[in-house]
>>> print(open('structure-v3.cif').read())   # mmCIF, C-alpha atoms and all ligand atoms
data_run
loop_
_atom_site.label_atom_id
_atom_site.label_comp_id
_atom_site.auth_asym_id
_atom_site.auth_seq_id
_atom_site.Cartn_x
_atom_site.Cartn_y
_atom_site.Cartn_z
CA MET A 1 127.56 118.76 106.22
CA ALA A 2 125.87 115.80 104.55
CA GLN A 3 122.86 114.19 106.22
CA THR A 4 123.50 110.53 107.04
CA TYR A 5 121.24 107.50 106.87
CA ASP A 6 121.82 103.76 106.95
CA VAL A 7 119.52 103.29 103.98
CA VAL A 8 118.21 105.69 101.34
CA VAL A 9 115.42 104.32 99.16
CA ILE A 10 114.82 106.20 95.91
CA GLY A 11 111.15 105.84 94.90
CA ALA A 12 108.16 106.03 97.23
CA GLY A 13 106.13 103.48 95.26
CA ALA A 14 105.02 99.99 96.20
CA ALA A 15 108.47 98.38 96.38
CA GLY A 16 110.25 101.38 97.89
CA LEU A 17 107.79 101.93 100.75
CA MET A 18 107.72 98.21 101.54
CA CYS A 19 111.52 98.07 101.62
CA ALA A 20 111.72 101.21 103.76
CA LEU A 21 109.30 100.03 106.42
CA THR A 22 110.97 96.60 106.56
CA ALA A 23 114.46 98.10 106.96
CA GLY A 24 113.06 100.51 109.55
CA TYR A 25 111.70 97.62 111.63
CA GLU A 26 115.16 96.01 111.30
CA GLY A 27 116.47 99.02 113.23
CA ARG A 28 117.95 100.92 110.28
CA ARG A 29 117.76 104.71 109.89
CA VAL A 30 115.84 105.00 106.63
CA LEU A 31 115.01 107.86 104.26
CA VAL A 32 112.74 107.50 101.22
CA LEU A 33 113.16 110.08 98.46
CA ASP A 34 110.77 110.72 95.58
CA HIS A 35 110.50 113.52 93.05
CA ALA A 36 106.69 113.26 92.97
CA ASN A 37 104.39 115.33 95.17
CA LYS A 38 102.60 112.22 96.48
CA ALA A 39 103.71 108.73 97.51
CA GLY A 40 102.32 105.63 95.79
CA LYS A 41 100.67 107.35 92.83
CA LYS A 42 100.53 104.13 90.79
CA ILE A 43 98.98 102.27 93.70
CA LEU A 44 96.22 104.89 93.79
CA MET A 45 95.42 104.52 90.08
CA SER A 46 95.86 100.75 89.97
CA GLY A 47 93.12 98.17 89.49
CA GLY A 48 90.69 100.82 88.25
CA GLY A 49 91.24 102.77 91.50
CA ARG A 50 90.77 99.71 93.71
CA CYS A 51 94.28 98.20 93.53
CA ASN A 52 94.53 94.50 92.71
CA PHE A 53 97.14 94.23 95.45
CA THR A 54 98.03 90.56 95.14
CA ASN A 55 97.20 87.26 93.48
CA LEU A 56 96.82 84.17 95.64
CA ALA A 57 98.22 82.01 92.81
CA THR A 58 101.51 83.93 92.65
CA GLY A 59 104.37 81.78 91.40
CA PRO A 60 107.35 82.30 89.08
CA GLU A 61 105.34 81.00 86.10
CA HIS A 62 103.40 84.29 86.13
CA PHE A 63 106.49 86.41 85.46
CA PHE A 64 108.57 87.31 82.39
CA SER A 65 112.33 87.72 82.79
CA ALA A 66 115.49 86.80 80.91
CA ASN A 67 116.45 85.09 84.20
CA PRO A 68 113.23 83.24 85.15
CA HIS A 69 114.62 81.79 88.41
CA PHE A 70 115.55 85.18 89.82
CA CYS A 71 112.12 85.93 91.32
CA ILE A 72 111.65 82.57 93.08
CA SER A 73 113.46 83.22 96.34
CA ALA A 74 111.76 86.53 97.23
CA LEU A 75 108.31 85.31 96.16
CA LYS A 76 108.70 82.22 98.35
CA ARG A 77 109.78 84.20 101.38
CA TYR A 78 107.05 86.86 101.20
CA THR A 79 103.81 85.32 99.98
CA PRO A 80 100.38 86.78 99.14
CA GLY A 81 99.26 85.44 102.56
CA HIS A 82 101.79 87.70 104.29
CA PHE A 83 100.46 90.78 102.49
CA VAL A 84 96.83 89.81 103.13
CA GLU A 85 97.68 89.48 106.82
CA LEU A 86 99.12 93.04 106.78
CA VAL A 87 96.06 94.39 104.94
CA GLU A 88 93.73 92.70 107.43
CA ARG A 89 95.71 94.00 110.40
CA HIS A 90 94.94 97.49 109.05
CA GLY A 91 91.26 96.61 108.72
CA ILE A 92 91.25 97.12 104.94
CA GLU A 93 88.27 95.41 103.36
CA HIS A 94 89.00 93.44 100.24
CA VAL A 95 87.28 91.25 97.68
CA GLU A 96 88.32 88.44 95.36
CA LYS A 97 87.05 89.88 92.07
CA ALA A 98 88.31 87.01 89.91
CA PRO A 99 89.86 83.75 91.13
CA GLY A 100 92.94 84.66 93.20
CA GLN A 101 92.80 88.39 92.39
CA LEU A 102 92.40 90.43 95.58
CA PHE A 103 91.21 94.05 95.28
CA CYS A 104 90.36 96.70 97.88
CA ALA A 105 86.61 96.74 98.44
CA ASP A 106 86.27 100.51 97.86
CA SER A 107 89.44 102.35 97.01
CA ALA A 108 93.21 101.93 96.78
CA LYS A 109 93.79 104.83 99.19
CA PRO A 110 93.96 102.67 102.36
CA ILE A 111 96.85 100.68 100.86
CA VAL A 112 98.96 103.82 100.51
CA SER A 113 97.86 105.02 103.98
CA MET A 114 98.80 101.62 105.40
CA LEU A 115 102.30 101.74 103.87
CA LEU A 116 102.89 105.32 105.05
CA THR A 117 101.62 104.48 108.56
CA GLU A 118 103.91 101.47 108.72
CA CYS A 119 106.84 103.64 107.53
CA GLU A 120 106.05 106.09 110.32
CA TRP A 121 105.83 103.30 112.96
CA ALA A 122 109.11 101.87 111.69
CA GLY A 123 110.75 105.31 111.86
CA ALA A 124 111.34 105.55 108.09
CA GLU A 125 111.20 109.14 106.85
CA VAL A 126 109.49 109.88 103.51
CA ARG A 127 110.65 113.01 101.68
CA LEU A 128 108.76 114.01 98.52
CA LYS A 129 109.41 116.61 95.79
CA THR A 130 113.13 115.84 95.93
CA ARG A 131 115.33 115.62 92.86
CA ILE A 132 118.36 113.35 92.87
CA THR A 133 121.12 114.93 90.83
CA SER A 134 123.92 112.42 91.36
CA LEU A 135 124.78 109.16 93.04
CA GLU A 136 128.42 108.17 93.64
CA ARG A 137 130.30 105.55 95.59
CA ARG A 138 131.78 106.98 98.79
CA GLY A 139 133.94 104.54 100.80
CA GLU A 140 131.80 101.54 101.74
CA GLY A 141 128.59 103.54 101.15
CA MET A 142 127.09 106.02 98.71
CA ARG A 143 126.86 109.81 98.42
CA LEU A 144 123.76 111.41 96.90
CA GLU A 145 123.41 115.00 95.77
CA THR A 146 119.77 116.05 95.92
CA SER A 147 117.62 119.15 95.77
CA SER A 148 117.44 118.87 99.58
CA GLY A 149 121.19 118.66 100.05
CA ALA A 150 123.93 116.05 100.14
CA ILE A 151 123.17 112.72 101.78
CA ASP A 152 125.55 109.91 102.81
CA ALA A 153 123.98 106.48 102.92
CA GLY A 154 125.23 103.08 104.01
CA ALA A 155 123.18 101.66 101.16
CA VAL A 156 120.96 103.02 98.39
CA VAL A 157 117.98 101.11 97.08
CA ILE A 158 116.74 101.99 93.59
CA ALA A 159 112.97 101.53 93.56
CA THR A 160 112.06 103.93 90.78
CA GLY A 161 109.90 101.50 88.80
CA GLY A 162 109.55 101.34 85.01
CA LEU A 163 108.65 103.71 82.19
CA SER A 164 104.88 103.40 82.06
CA ILE A 165 102.76 106.52 82.54
CA PRO A 166 105.35 109.30 82.52
CA THR A 167 102.69 111.77 83.69
CA MET A 168 102.62 109.84 87.00
CA GLY A 169 106.35 110.43 87.50
CA ALA A 170 107.84 107.40 85.72
CA THR A 171 111.44 107.90 84.56
CA GLY A 172 114.36 105.82 83.33
CA PHE A 173 116.35 106.81 86.44
CA GLY A 174 116.86 103.20 87.56
CA TYR A 175 118.23 102.22 84.15
CA ASP A 176 120.62 105.21 84.09
CA ILE A 177 121.98 104.30 87.54
CA ALA A 178 122.34 100.66 86.48
CA ARG A 179 124.39 101.69 83.44
CA GLN A 180 126.45 104.12 85.51
CA PHE A 181 127.53 101.22 87.74
CA GLY A 182 128.21 98.85 84.86
CA LEU A 183 125.00 96.78 84.92
CA GLY A 184 123.14 95.79 81.78
CA VAL A 185 119.62 96.90 80.93
CA THR A 186 117.51 94.75 78.60
CA ASP A 187 115.39 96.22 75.84
CA THR A 188 112.23 97.64 77.37
CA ARG A 189 108.72 97.53 75.96
CA ALA A 190 105.31 98.79 77.09
CA ALA A 191 103.19 95.84 78.29
CA LEU A 192 99.74 95.21 79.75
CA VAL A 193 98.66 97.83 77.24
CA PRO A 194 95.72 98.14 74.78
CA PHE A 195 96.27 97.56 71.06
CA THR A 196 95.61 100.10 68.33
CA LEU A 197 94.29 99.02 64.91
CA THR A 198 94.68 100.29 61.35
CA SER A 199 92.04 102.28 59.50
CA GLN A 200 89.35 99.74 58.53
CA TRP A 201 89.57 97.75 61.77
CA ARG A 202 89.96 100.88 63.81
CA GLU A 203 86.63 102.19 62.46
CA ARG A 204 84.98 98.85 63.09
CA ALA A 205 86.31 98.72 66.66
CA ALA A 206 85.26 102.33 67.28
CA SER A 207 81.69 101.53 66.20
CA LEU A 208 81.66 98.83 68.91
CA ALA A 209 83.45 100.86 71.62
CA GLY A 210 82.35 99.61 75.02
CA VAL A 211 81.27 96.14 73.84
CA SER A 212 83.06 93.24 75.54
CA CYS A 213 83.02 89.46 75.26
CA SER A 214 84.92 86.53 76.69
CA VAL A 215 87.52 85.18 74.25
CA THR A 216 90.60 83.04 74.03
CA VAL A 217 93.53 84.91 72.51
CA GLU A 218 96.78 83.36 71.33
CA VAL A 219 99.96 85.15 70.34
CA GLY A 220 103.53 83.86 70.48
CA GLU A 221 103.80 81.68 73.59
CA GLY A 222 100.79 83.35 75.22
CA ARG A 223 97.28 81.93 75.48
CA TYR A 224 94.66 83.61 77.66
CA ARG A 225 90.97 83.07 78.30
CA GLU A 226 89.72 86.49 79.42
CA PRO A 227 87.30 89.24 78.35
CA MET A 228 88.22 91.54 75.46
CA LEU A 229 86.86 95.04 74.98
CA PHE A 230 86.44 97.16 71.84
CA THR A 231 87.67 100.75 72.19
CA HIS A 232 87.68 103.92 70.08
CA ARG A 233 91.23 103.14 68.91
CA GLY A 234 91.36 99.35 68.95
CA VAL A 235 91.00 96.50 71.42
CA SER A 236 91.64 96.22 75.14
CA GLY A 237 90.33 94.32 78.17
CA PRO A 238 92.25 91.70 80.17
CA ALA A 239 92.69 89.32 77.19
CA MET A 240 94.37 92.00 75.07
CA LEU A 241 96.44 93.43 77.94
CA GLN A 242 97.80 89.95 78.66
CA ALA A 243 98.45 89.34 74.96
CA SER A 244 100.43 92.58 74.70
CA SER A 245 103.20 91.06 76.85
CA HIS A 246 103.84 88.48 74.08
CA TRP A 247 103.21 90.66 71.04
CA GLN A 248 105.88 92.01 68.70
CA PRO A 249 105.19 94.43 65.82
CA GLY A 250 103.93 92.57 62.76
CA MET A 251 102.39 89.67 64.71
CA ALA A 252 98.70 88.80 64.41
CA LEU A 253 96.51 87.87 67.37
CA SER A 254 94.49 84.69 66.92
CA ILE A 255 91.17 85.24 68.65
CA ASP A 256 88.50 82.65 69.42
CA LEU A 257 85.31 84.69 69.80
CA LEU A 258 83.29 81.63 70.89
CA PRO A 259 85.68 79.60 73.04
CA ASP A 260 82.95 77.36 74.45
CA ILE A 261 81.29 76.56 71.16
CA ASP A 262 82.04 74.04 68.42
CA VAL A 263 81.04 76.45 65.65
CA ALA A 264 81.55 74.06 62.71
CA GLY A 265 79.59 71.30 64.47
CA GLU A 266 76.72 73.58 65.50
CA LEU A 267 76.37 75.19 62.08
CA ALA A 268 76.51 71.82 60.33
CA THR A 269 73.67 70.53 62.55
CA LEU A 270 71.56 73.71 62.40
CA ARG A 271 71.76 73.89 58.60
CA HIS A 272 69.36 70.90 58.70
CA GLU A 273 67.53 71.43 62.02
CA ALA A 274 66.85 75.20 61.79
CA PRO A 275 67.43 76.08 58.12
CA LYS A 276 65.33 79.28 58.20
CA ARG A 277 67.07 80.87 61.19
CA HIS A 278 69.44 83.68 60.14
CA VAL A 279 73.14 83.49 60.91
CA SER A 280 72.79 86.85 62.72
CA THR A 281 70.05 85.46 65.00
CA TRP A 282 72.17 82.41 65.80
CA LEU A 283 75.24 84.54 66.54
CA GLY A 284 73.20 87.12 68.49
CA GLU A 285 72.35 84.38 70.98
CA ARG A 286 76.05 83.67 71.53
CA LEU A 287 77.75 87.08 71.36
CA PRO A 288 76.68 90.59 72.44
CA LYS A 289 73.99 91.66 69.93
CA ARG A 290 75.92 94.68 68.59
CA LEU A 291 79.01 92.60 67.97
CA ALA A 292 77.03 89.75 66.35
CA GLN A 293 75.28 92.21 64.04
CA ALA A 294 78.49 93.98 63.06
CA TRP A 295 80.36 90.71 62.56
CA CYS A 296 77.67 89.39 60.20
CA GLU A 297 77.88 92.64 58.21
CA TRP A 298 81.69 92.30 57.93
CA GLN A 299 81.21 88.73 56.68
CA GLY A 300 78.29 89.61 54.37
CA VAL A 301 75.96 87.04 55.98
CA THR A 302 73.43 89.26 57.82
CA GLU A 303 70.37 88.02 55.90
CA LYS A 304 71.70 84.56 55.25
CA PRO A 305 69.56 81.65 56.55
CA LEU A 306 71.54 78.81 58.11
CA GLY A 307 70.07 76.36 55.57
CA ALA A 308 71.64 78.34 52.71
CA LEU A 309 75.18 78.01 54.03
CA SER A 310 77.44 75.85 51.91
CA LYS A 311 79.99 73.57 53.57
CA ARG A 312 82.66 75.99 52.39
CA GLU A 313 80.89 78.93 54.01
CA VAL A 314 80.51 76.99 57.28
CA SER A 315 84.23 76.34 57.24
CA ARG A 316 84.99 80.02 56.50
CA LEU A 317 82.69 81.29 59.27
CA ASP A 318 84.19 78.73 61.67
CA GLY A 319 87.67 80.06 60.85
CA GLU A 320 86.64 83.71 61.25
CA LEU A 321 84.97 83.06 64.61
CA LYS A 322 87.39 80.54 66.13
CA ARG A 323 90.69 81.77 64.65
CA TRP A 324 90.08 85.44 63.86
CA GLN A 325 93.46 86.86 62.77
CA LEU A 326 93.69 90.44 63.97
CA LYS A 327 96.88 92.36 63.24
CA PRO A 328 97.34 95.32 65.59
CA ALA A 329 98.95 98.49 64.23
CA GLY A 330 100.71 98.95 67.56
CA THR A 331 99.96 99.55 71.21
CA GLU A 332 98.87 102.63 73.12
CA GLY A 333 102.47 102.76 74.42
CA TRP A 334 103.86 104.16 77.65
CA ARG A 335 100.96 106.60 78.02
CA THR A 336 98.60 103.85 79.22
CA ALA A 337 100.77 100.74 79.71
CA GLU A 338 100.50 99.20 83.18
CA VAL A 339 104.06 97.87 83.19
CA THR A 340 107.46 97.80 81.52
CA LEU A 341 108.62 94.52 80.06
CA GLY A 342 112.38 94.23 80.67
CA GLY A 343 114.59 96.41 82.83
CA VAL A 344 117.80 96.13 84.84
CA GLU A 345 119.46 92.79 84.11
CA THR A 346 119.39 90.50 87.13
CA GLN A 347 122.46 88.32 86.45
CA ALA A 348 124.72 90.49 88.61
CA ILE A 349 122.12 91.04 91.37
CA SER A 350 121.58 88.80 94.39
CA SER A 351 118.10 87.25 94.40
CA LYS A 352 118.30 87.15 98.23
CA THR A 353 119.45 90.68 99.10
CA PHE A 354 118.96 92.50 95.78
CA ALA A 355 122.49 93.91 96.14
CA VAL A 356 124.71 94.40 93.12
CA GLU A 357 127.51 91.83 92.99
CA GLY A 358 130.66 93.42 94.42
CA LEU A 359 128.76 96.56 95.47
CA PRO A 360 126.49 95.70 98.45
CA ALA A 361 125.70 99.39 98.99
CA LEU A 362 123.65 99.50 95.77
CA ARG A 363 120.41 97.58 95.34
CA PHE A 364 117.55 97.39 92.84
CA ILE A 365 113.99 96.22 93.57
CA GLY A 366 110.50 96.20 92.07
CA GLU A 367 109.60 96.97 88.50
CA ALA A 368 112.96 98.64 87.73
CA LEU A 369 114.34 95.10 87.43
CA ASP A 370 113.83 92.77 84.48
CA VAL A 371 110.95 90.97 86.23
CA THR A 372 107.45 91.64 84.90
CA GLY A 373 104.25 90.01 86.04
CA GLN A 374 101.16 89.04 84.12
CA LEU A 375 97.93 90.93 84.76
CA GLY A 376 96.12 90.11 87.99
CA GLY A 377 98.01 91.42 91.05
CA PHE A 378 101.36 89.73 90.31
CA ASN A 379 103.25 92.98 89.77
CA PHE A 380 102.37 94.31 93.20
CA GLN A 381 103.23 90.97 94.80
CA TRP A 382 106.67 91.27 93.18
CA ALA A 383 107.03 94.83 94.48
CA TRP A 384 106.11 93.75 98.06
CA ALA A 385 108.25 90.59 98.00
CA SER A 386 111.38 92.21 96.52
CA GLY A 387 110.99 95.17 98.90
CA VAL A 388 110.74 92.93 101.95
CA ALA A 389 113.65 90.68 100.93
CA CYS A 390 115.90 93.69 100.36
CA GLY A 391 114.74 95.49 103.53
CA GLN A 392 115.34 92.44 105.72
CA SER A 393 118.87 92.00 104.43
CA MET A 394 120.09 95.51 105.27
P1 LIG B 1 106.35 102.43 91.16
O1 LIG B 1 105.16 102.07 91.94
O2 LIG B 1 106.20 102.91 89.77
O3 LIG B 1 107.14 103.52 92.02
C1 LIG B 1 108.26 104.19 91.53
C2 LIG B 1 108.42 105.50 92.29
O4 LIG B 1 109.66 106.08 91.91
C3 LIG B 1 107.34 106.51 91.96
O5 LIG B 1 106.81 107.04 93.16
C4 LIG B 1 108.07 107.59 91.16
O6 LIG B 1 107.57 108.89 91.39
C5 LIG B 1 109.49 107.46 91.70
N1 LIG B 1 110.50 107.91 90.76
C6 LIG B 1 110.62 107.58 89.45
N2 LIG B 1 111.69 108.23 88.94
C7 LIG B 1 112.23 108.96 89.93
C8 LIG B 1 113.34 109.86 89.99
N3 LIG B 1 114.10 110.11 88.91
N4 LIG B 1 113.61 110.46 91.17
C9 LIG B 1 112.84 110.23 92.26
N5 LIG B 1 111.79 109.40 92.26
C10 LIG B 1 111.49 108.78 91.10
N6 LIG B 1 99.90 95.94 89.35
C11 LIG B 1 99.19 95.04 90.05
O7 LIG B 1 99.77 94.08 90.59
N7 LIG B 1 97.83 95.18 90.21
C12 LIG B 1 97.13 96.22 89.65
O8 LIG B 1 95.92 96.36 89.87
C13 LIG B 1 97.85 97.13 88.84
N8 LIG B 1 97.20 98.13 88.19
C14 LIG B 1 97.92 99.05 87.50
C15 LIG B 1 97.24 100.08 86.85
C16 LIG B 1 97.95 101.06 86.18
C17 LIG B 1 97.21 102.14 85.45
C18 LIG B 1 99.38 101.02 86.18
C19 LIG B 1 100.18 102.10 85.51
C20 LIG B 1 100.05 99.99 86.80
C21 LIG B 1 99.35 98.98 87.45
N9 LIG B 1 99.99 97.90 88.06
C22 LIG B 1 99.27 96.98 88.76
C23 LIG B 1 101.47 97.78 88.04
C24 LIG B 1 102.04 98.30 89.36
O9 LIG B 1 101.51 99.57 89.63
C25 LIG B 1 103.57 98.37 89.30
O10 LIG B 1 104.12 97.16 88.85
C26 LIG B 1 104.14 98.72 90.66
O11 LIG B 1 103.64 99.97 91.08
C27 LIG B 1 105.66 98.76 90.62
O12 LIG B 1 106.12 99.17 91.87
P2 LIG B 1 107.51 99.94 92.01
O13 LIG B 1 107.58 100.39 93.42
O14 LIG B 1 108.60 99.11 91.46
O15 LIG B 1 107.39 101.22 91.06
#
>>> encode(input="structure-v3.cif", output="structure tokens", more="lines below")
Ligand code: FAD
Amino acid sequence: MAQTYDVVVIGAGAAGLMCALTAGYEGRRVLVLDHANKAGKKILMSGGGRCNFTNLATGPEHFFSANPHFCISALKRYTPGHFVELVERHGIEHVEKAPGQLFCADSAKPIVSMLLTECEWAGAEVRLKTRITSLERRGEGMRLETSSGAIDAGAVVIATGGLSIPTMGATGFGYDIARQFGLGVTDTRAALVPFTLTSQWRERAASLAGVSCSVTVEVGEGRYREPMLFTHRGVSGPAMLQASSHWQPGMALSIDLLPDIDVAGELATLRHEAPKRHVSTWLGERLPKRLAQAWCEWQGVTEKPLGALSKREVSRLDGELKRWQLKPAGTEGWRTAEVTLGGVETQAISSKTFAVEGLPALRFIGEALDVTGQLGGFNFQWAWASGVACGQSM
């Protein structure tokens, strides 16, 4: 005989656990299924192990979606303040590392413990290492075939996330289910991901691996003022991760290496006021020394005194520093991407209950949907908010 539950949530990640505990407190009999051996694996590895669990500035403008209004309702109803209140009730210490970005003070582990404790208090059962082999409509509800037997559910919530980091258990399960029930899935792309570079630039970046500096990067519609980091394969750091959400193959990044400095103005003045100072000395006072040195070598101006710069050279150096055109070869892809851009199309999904139009027994939440946040805690806030909205409406 099939086991029966009011709600079965597939995916014991951020959105799934939040939905499960909320539905449990609403008095529903809830089961969470996951094929992984541990709940909340991405939470544990997030934010460099300290989980940037929300952003106080969360608003729809920080999300990408073909349907930009879809996220508004859930984000309004469950705010960063609500999650902070939950975190504080569990005595989890946190810090604001950058404006609005809240991280755990020590480790992400207490966030997962908190969610599992709340699931337990709410009576929601979490079953790991379980494979789902099929999902079919059965009367008003759904029938699942799993490696732990058949299960009948009043409603099934798909919270299986996106495609990033397959080694952590990411699959396209949510997209397959969406297609099975006639929903569209947008093109998907790895985002919040480092860039790789081609041979010459790759070698240059590798020689600077570990060096970082604060830049402004522009690509497509995106413009971010954040640190960038050179790596063995290319460029990373918050500026580049953010830029990756706007980048398409073939595009160049326009990077301002000295966003606070009027390079042309300074060089024009210093040509007369400090003519003997070398370009490399000047730049070494404004950028990390290793980067300044390497940059002057790339430009062939290491030994050049400022007084010897022609107007043309000043203009060229200004362009190279303020509008450096860097063309990535690609990105590091799903292996290291933090999120998936795109996902299950939201047009036929209620932004209040997350139920599929005409099929209230099937719901999609979290990153599986075509809603993707910028870097900085927005993706978790979406997971919490969509999970709560769906859980409350069961
Ligand atoms: P997930 O958390 O991915 O959960 C999906 C669950 O479904 C997983 O447990 C998975 O095992 C399970 N699953 C998948 N397929 C199946 C299947 N076929 N059968 C059964 N179960 C399945 N966001 C932030 O806001 N702040 C951060 O600091 C941050 N840092 C990040 C760092 C890294 C390295 C990564 C990869 C992501 C980071 N993110 C961060 C993004 C954030 O982790 C995700 O947006 C968020 O976890 C999405 O929640 P979700 O519940 O929708 O999906």
>>> residues_near_ligand(input="structure-v3.cif", ligand="ligand LIG 1 (chain B)", cutoff="7 Å", atoms="all atoms listed in the file", output="PDB file with C-alpha atoms, in the coordinates of the input")
ATOM      1  CA  ILE A  10     114.820 106.200  95.910  1.00  0.00           C
ATOM      2  CA  GLY A  11     111.150 105.840  94.900  1.00  0.00           C
ATOM      3  CA  ALA A  12     108.160 106.030  97.230  1.00  0.00           C
ATOM      4  CA  GLY A  13     106.130 103.480  95.260  1.00  0.00           C
ATOM      5  CA  ALA A  14     105.020  99.990  96.200  1.00  0.00           C
ATOM      6  CA  ALA A  15     108.470  98.380  96.380  1.00  0.00           C
ATOM      7  CA  GLY A  16     110.250 101.380  97.890  1.00  0.00           C
ATOM      8  CA  LEU A  33     113.160 110.080  98.460  1.00  0.00           C
ATOM      9  CA  ASP A  34     110.770 110.720  95.580  1.00  0.00           C
ATOM     10  CA  HIS A  35     110.500 113.520  93.050  1.00  0.00           C
ATOM     11  CA  ALA A  36     106.690 113.260  92.970  1.00  0.00           C
ATOM     12  CA  ALA A  39     103.710 108.730  97.510  1.00  0.00           C
ATOM     13  CA  GLY A  40     102.320 105.630  95.790  1.00  0.00           C
ATOM     14  CA  LYS A  41     100.670 107.350  92.830  1.00  0.00           C
ATOM     15  CA  LYS A  42     100.530 104.130  90.790  1.00  0.00           C
ATOM     16  CA  ILE A  43      98.980 102.270  93.700  1.00  0.00           C
ATOM     17  CA  MET A  45      95.420 104.520  90.080  1.00  0.00           C
ATOM     18  CA  SER A  46      95.860 100.750  89.970  1.00  0.00           C
ATOM     19  CA  GLY A  47      93.120  98.170  89.490  1.00  0.00           C
ATOM     20  CA  GLY A  48      90.690 100.820  88.250  1.00  0.00           C
ATOM     21  CA  CYS A  51      94.280  98.200  93.530  1.00  0.00           C
ATOM     22  CA  ASN A  52      94.530  94.500  92.710  1.00  0.00           C
ATOM     23  CA  PHE A  53      97.140  94.230  95.450  1.00  0.00           C
ATOM     24  CA  THR A  54      98.030  90.560  95.140  1.00  0.00           C
ATOM     25  CA  THR A 130     113.130 115.840  95.930  1.00  0.00           C
ATOM     26  CA  ARG A 131     115.330 115.620  92.860  1.00  0.00           C
ATOM     27  CA  ILE A 132     118.360 113.350  92.870  1.00  0.00           C
ATOM     28  CA  ALA A 159     112.970 101.530  93.560  1.00  0.00           C
ATOM     29  CA  THR A 160     112.060 103.930  90.780  1.00  0.00           C
ATOM     30  CA  GLY A 161     109.900 101.500  88.800  1.00  0.00           C
ATOM     31  CA  GLY A 162     109.550 101.340  85.010  1.00  0.00           C
ATOM     32  CA  SER A 164     104.880 103.400  82.060  1.00  0.00           C
ATOM     33  CA  ILE A 165     102.760 106.520  82.540  1.00  0.00           C
ATOM     34  CA  MET A 168     102.620 109.840  87.000  1.00  0.00           C
ATOM     35  CA  GLY A 169     106.350 110.430  87.500  1.00  0.00           C
ATOM     36  CA  ALA A 170     107.840 107.400  85.720  1.00  0.00           C
ATOM     37  CA  THR A 171     111.440 107.900  84.560  1.00  0.00           C
ATOM     38  CA  GLY A 172     114.360 105.820  83.330  1.00  0.00           C
ATOM     39  CA  PHE A 173     116.350 106.810  86.440  1.00  0.00           C
ATOM     40  CA  THR A 336      98.600 103.850  79.220  1.00  0.00           C
ATOM     41  CA  ALA A 337     100.770 100.740  79.710  1.00  0.00           C
ATOM     42  CA  GLU A 338     100.500  99.200  83.180  1.00  0.00           C
ATOM     43  CA  VAL A 339     104.060  97.870  83.190  1.00  0.00           C
ATOM     44  CA  ILE A 365     113.990  96.220  93.570  1.00  0.00           C
ATOM     45  CA  GLY A 366     110.500  96.200  92.070  1.00  0.00           C
ATOM     46  CA  GLU A 367     109.600  96.970  88.500  1.00  0.00           C
ATOM     47  CA  ALA A 368     112.960  98.640  87.730  1.00  0.00           C
ATOM     48  CA  LEU A 375      97.930  90.930  84.760  1.00  0.00           C
ATOM     49  CA  GLY A 376      96.120  90.110  87.990  1.00  0.00           C
ATOM     50  CA  GLY A 377      98.010  91.420  91.050  1.00  0.00           C
ATOM     51  CA  PHE A 378     101.360  89.730  90.310  1.00  0.00           C
ATOM     52  CA  ASN A 379     103.250  92.980  89.770  1.00  0.00           C
ATOM     53  CA  PHE A 380     102.370  94.310  93.200  1.00  0.00           C
ATOM     54  CA  GLN A 381     103.230  90.970  94.800  1.00  0.00           C
ATOM     55  CA  ALA A 383     107.030  94.830  94.480  1.00  0.00           C
TER      56      ALA A 383
END
>>> atom_distance(input="structure-v3.cif", atom1="atom CA of Val344 of chain A", atom2="atom CA of Glu357 of chain A")
13.4 Å
>>> closest_residue(input="structure-v3.cif", among="A:Val211, A:Val112, A:Met228, A:Ile261", to="Arg290 of chain A", atoms="all atoms listed in the file")
A:Val211
>>> closest_residue(input="structure-v3.cif", among="A:Leu115, A:Val279, A:Ala153, A:Val356", to="Gly300 of chain A", atoms="only C-alpha atoms")
A:Val279
>>> residues_around(input="structure-v3.cif", residues="Leu21 of chain A", least_positions_apart="2", cutoff="6 Å", atoms="only C-alpha atoms", output="ChimeraX atom specification")
/A:18-19,23-24,119,122
>>> closest_residue(input="structure-v3.cif", among="A:Ala206, A:Ile72, A:Leu229, A:Ala105", to="Ala294 of chain A", atoms="all atoms listed in the file")
A:Ala206
>>> residues_around(input="structure-v3.cif", residues="Ser73 of chain A", least_positions_apart="6", cutoff="12 Å", atoms="only C-alpha atoms", output="list in words")
Gly59, Pro60, Thr79, Ser350, Ser351, Lys352, Thr353, Phe354, Trp382, Ala385, Ser386, Val388, Ala389 and Cys390 of chain A
